[in-house]
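Structure first, then comments.
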Amino acid sequence: MSTPAIATFGFVLLVLASLTTWLVLGLRLQGGWKPLEAAGGTPPIWPAWLLLLVPAVWILIPTLVLPPEPLPEIPLEPDMAFDENGARRSVAGLAQAQLAILLVLAATLGAIRQKDPRRQRPAAHTPGRQLGLGVVGFLASVIPVAAILWATARLRQPDDTHPLLRLLAISSDPATRQLIIGSAVLLAPLVEELVFRVVIQRSLLRWMPPLVSIGVTAVAFATIHFNAVHPNWPDVLALFPLAIILGVTYHHTGSYLSVVIIHLLFNATNIALALLTGPT
């Protein structure tokens, strides 16, 4: 079986699993399940100043502290020259910036919880249950994301694809590929879920109800993935249902692990499809 055929077969299986997941969730809703009801009660709200710290850290670390080297122009044609070494340095710089943001925010949250233990939200589920909820959330995201991508397919251009996915498809350097996979599959979910769900969404509960805080955070999450150089509105729109699912999962469970698993599986699936269907 060819790699494109394997990719198609795997995608069909994911769609079927997603459909089954939505059927089960629909039955649970009919049975009285309330996904917007926080397990264990309303989560403790972070200090208001934390919401101001996040954009400062998000902007300052990549631009001032650890500015990554700009990604070299990614050729659309196979025979065009490409700066492989520059690409590796750029992806390594991005990974360093992500790690620095993660460490700064994790240390800040740890200090807040140590000073005021009431800020700690008790775990509503066992680690195994949190992992399972992450898988459920990922499967639930497949159909709405795929539907939007299909509906907007005519609006997409060859250079609309995420730069890292295009780089992964054309790069022949194992180190570059490993950096891309590590950054997208591990660091990005850890950093972005800490920023958007754990800090921003939870902080917004100070001023707005859960559904609104989930929606506002989802818009912010999708918007930061917009590429101003090569406008990728179809990708931004497709990320919105994923962000809603992430927000509902976090509000209902309070589980950072669950939303990281959803995000990790989503990114890993995109990378696997890119490797199976794109040029090598």
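Numbering starts fresh at 1 for the residues of each chain in the structure tokens, the chains themselves are lettered A, B, ... in the order given, and ligands are numbered from 1 as they appear.
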
Taking 3 positions as the minimum chain separation for residues in the same chain, which residues sit within 6 Å of Arg177 (chain A) when counting only C-alpha atoms? Answer as a PyMOL selection string.
chain A and resi 168+174+180

Store the residues picked out above in a file with N, CA, C and O atoms, as a PDB file, in the first residue's frame.
```
ATOM      1  N   LEU A 168       9.002  20.530   7.075  1.00  0.00           N
ATOM      2  CA  LEU A 168       9.123  19.103   7.378  1.00  0.00           C
ATOM      3  C   LEU A 168       9.060  18.268   6.099  1.00  0.00           C
ATOM      4  O   LEU A 168       9.754  17.260   5.966  1.00  0.00           O
ATOM      5  N   PRO A 174      17.861  15.047   9.278  1.00  0.00           N
ATOM      6  CA  PRO A 174      17.181  14.406  10.408  1.00  0.00           C
ATOM      7  C   PRO A 174      17.090  15.311  11.639  1.00  0.00           C
ATOM      8  O   PRO A 174      16.071  15.296  12.345  1.00  0.00           O
ATOM      9  N   ILE A 180      11.574  19.946  14.571  1.00  0.00           N
ATOM     10  CA  ILE A 180      10.210  20.328  14.201  1.00  0.00           C
ATOM     11  C   ILE A 180       9.194  19.471  14.951  1.00  0.00           C
ATOM     12  O   ILE A 180       8.225  19.983  15.527  1.00  0.00           O
TER      13      ILE A 180
END
```

Quick one: pick out all helix (DSSP H, G or I) residues within region 96-131 of chain A from a backbone DSSP run and write them as JSON, numbers by chain.
{"A": [96, 97, 98, 99, 100, 101, 102, 103, 104, 105, 106, 107, 108, 109, 110, 111, 112, 113, 114, 115, 117, 118, 119, 127, 128, 129, 130, 131]}

Excluding Ser141 (chain A) and its own-chain neighbours fewer than 2 positions away, which residues fall within 7 Å of it when counting only C-alpha atoms? Please give them as a CSV table (one decimal) with all heavy atoms, in the first residue's frame.
```csv
chain,number,residue,atom,x,y,z
A,137,GLY,N,-11.4,14.1,23.5
A,137,GLY,CA,-11.4,15.4,23.0
A,137,GLY,C,-10.8,15.5,21.6
A,137,GLY,O,-11.3,16.2,20.7
A,138,PHE,N,-9.7,14.8,21.4
A,138,PHE,CA,-9.0,14.8,20.1
A,138,PHE,C,-9.9,14.2,19.0
A,138,PHE,O,-10.1,14.8,17.9
A,138,PHE,CB,-7.7,14.1,20.1
A,138,PHE,CG,-7.2,13.6,18.8
A,138,PHE,CD1,-6.8,14.6,17.9
A,138,PHE,CD2,-7.2,12.3,18.4
A,138,PHE,CE1,-6.3,14.2,16.6
A,138,PHE,CE2,-6.8,11.9,17.2
A,138,PHE,CZ,-6.3,12.8,16.3
A,139,LEU,N,-10.5,13.1,19.3
A,139,LEU,CA,-11.4,12.4,18.3
A,139,LEU,C,-12.6,13.3,18.0
A,139,LEU,O,-13.1,13.4,16.9
A,139,LEU,CB,-11.9,11.1,18.9
A,139,LEU,CG,-10.8,10.0,19.0
A,139,LEU,CD1,-11.4,8.7,19.6
A,139,LEU,CD2,-10.2,9.7,17.6
A,143,ILE,N,-13.9,15.7,13.1
A,143,ILE,CA,-15.0,16.0,12.1
A,143,ILE,C,-15.1,17.5,11.9
A,143,ILE,O,-15.2,17.9,10.8
A,143,ILE,CB,-16.3,15.3,12.5
A,143,ILE,CG1,-16.2,13.8,12.2
A,143,ILE,CG2,-17.5,15.9,11.8
A,143,ILE,CD1,-17.4,13.0,12.5
A,144,PRO,N,-15.3,18.3,13.0
A,144,PRO,CA,-15.5,19.7,12.7
A,144,PRO,C,-14.3,20.4,12.0
A,144,PRO,O,-14.5,21.2,11.1
A,144,PRO,CB,-15.8,20.3,14.1
A,144,PRO,CG,-15.3,19.3,15.1
A,144,PRO,CD,-15.5,18.0,14.4
A,145,VAL,N,-13.1,20.0,12.4
A,145,VAL,CA,-11.9,20.6,11.8
A,145,VAL,C,-11.8,20.2,10.3
A,145,VAL,O,-11.6,21.0,9.4
A,145,VAL,CB,-10.6,20.2,12.5
A,145,VAL,CG1,-9.4,20.6,11.7
A,145,VAL,CG2,-10.6,20.9,13.9
A,241,PRO,N,-13.0,25.3,16.1
A,241,PRO,CA,-13.7,24.2,16.8
A,241,PRO,C,-12.7,23.4,17.7
A,241,PRO,O,-13.1,23.0,18.8
A,241,PRO,CB,-14.2,23.4,15.7
A,241,PRO,CG,-13.5,23.7,14.5
A,241,PRO,CD,-13.1,25.2,14.6
A,242,LEU,N,-11.5,23.3,17.3
A,242,LEU,CA,-10.5,22.6,18.2
A,242,LEU,C,-10.3,23.4,19.5
A,242,LEU,O,-10.3,22.8,20.6
A,242,LEU,CB,-9.1,22.5,17.5
A,242,LEU,CG,-8.0,22.0,18.3
A,242,LEU,CD1,-8.1,20.6,18.8
A,242,LEU,CD2,-6.6,22.2,17.6
A,245,ILE,N,-13.3,22.9,21.8
A,245,ILE,CA,-13.2,21.6,22.5
A,245,ILE,C,-12.2,21.7,23.6
A,245,ILE,O,-12.4,21.1,24.7
A,245,ILE,CB,-12.9,20.5,21.5
A,245,ILE,CG1,-14.2,20.3,20.6
A,245,ILE,CG2,-12.5,19.2,22.1
A,245,ILE,CD1,-13.9,19.4,19.4
```

What's the separation between CA of Trp49 (chain A) and CA of Phe226 (chain A), in Å to one decimal place?
26.6 Å

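For the atom pair formed by CA of Leu99 (chain A) and CA of Glu193 (chain A), the distance is 13.3 Å, given to one decimal.
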
Pick from A:Val142, A:Leu204, A:Val248, A:Val260 nearest to Thr20 (chain A), counting only C-alpha atoms
A:Val142

Minimum-distance residue to Gln98 (chain A), chosen among A:Ala175, A:Ile148, A:Val136, A:Leu194 (using only C-alpha atoms):
A:Leu194

For Ile200 (chain A), find every residue with an atom within 9 Å (counting only C-alpha atoms), except residues of its own chain fewer than 4 positions away, and show them as a ChimeraX atom specification.
/A:50-51,54,194-196,204-205,213,217

C-alpha atoms of the current selection, written as a PDB file, in the first residue's frame:
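In the end it all went to selection-v2.pdb:
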```pdb
ATOM      1  CA  LEU A  50      -1.142  37.303  35.703  1.00  0.00           C
ATOM      2  CA  LEU A  51      -3.288  38.077  32.668  1.00  0.00           C
ATOM      3  CA  VAL A  54       1.268  36.380  29.786  1.00  0.00           C
ATOM      4  CA  LEU A 194      -0.598  26.687  29.725  1.00  0.00           C
ATOM      5  CA  VAL A 195      -0.995  30.150  28.204  1.00  0.00           C
ATOM      6  CA  PHE A 196      -4.473  29.960  26.729  1.00  0.00           C
ATOM      7  CA  LEU A 204     -11.271  35.624  32.209  1.00  0.00           C
ATOM      8  CA  LEU A 205     -13.730  33.902  34.557  1.00  0.00           C
ATOM      9  CA  SER A 213     -14.371  32.993  28.424  1.00  0.00           C
ATOM     10  CA  THR A 217      -9.883  32.354  24.450  1.00  0.00           C
TER      11      THR A 217
END
```

Gln201 (chain A) surroundings by only C-alpha atoms, 12 Å radius, close-in-sequence under 5 positions cut, as a ChimeraX atom specification:
/A:43-46,50-51,54,192-196,206-221,243-244,246-251,254

For Phe11 (chain A), list every protein, DNA or RNA residue within 9 Å, evaluated using only C-alpha atoms, and leave out those in the same chain fewer than 5 positions away; present the list as a VMD selection string.
chain A and resid 6 16 273

Option closest in space to Gly132 (chain A), from A:Leu257, A:Ala151, A:Ala48, A:Leu165 [counting only C-alpha atoms]:
A:Leu257

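Using only C-alpha atoms, the shortest contact distance between Val24 (chain A) and any of A:Pro47, A:Arg129, A:His225, A:Ala140 is found at A:Ala140.
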
What's around region 262-268 of chain A at 7 Å? Count only C-alpha atoms, leave out sequence neighbours fewer than 2 positions away in its own chain, and write the answer as a count of residues only.
14

From the list A:Thr42, A:Thr152, A:Gln30, A:Thr269, the nearest residue to Gln120 (chain A) using only C-alpha atoms is A:Thr42
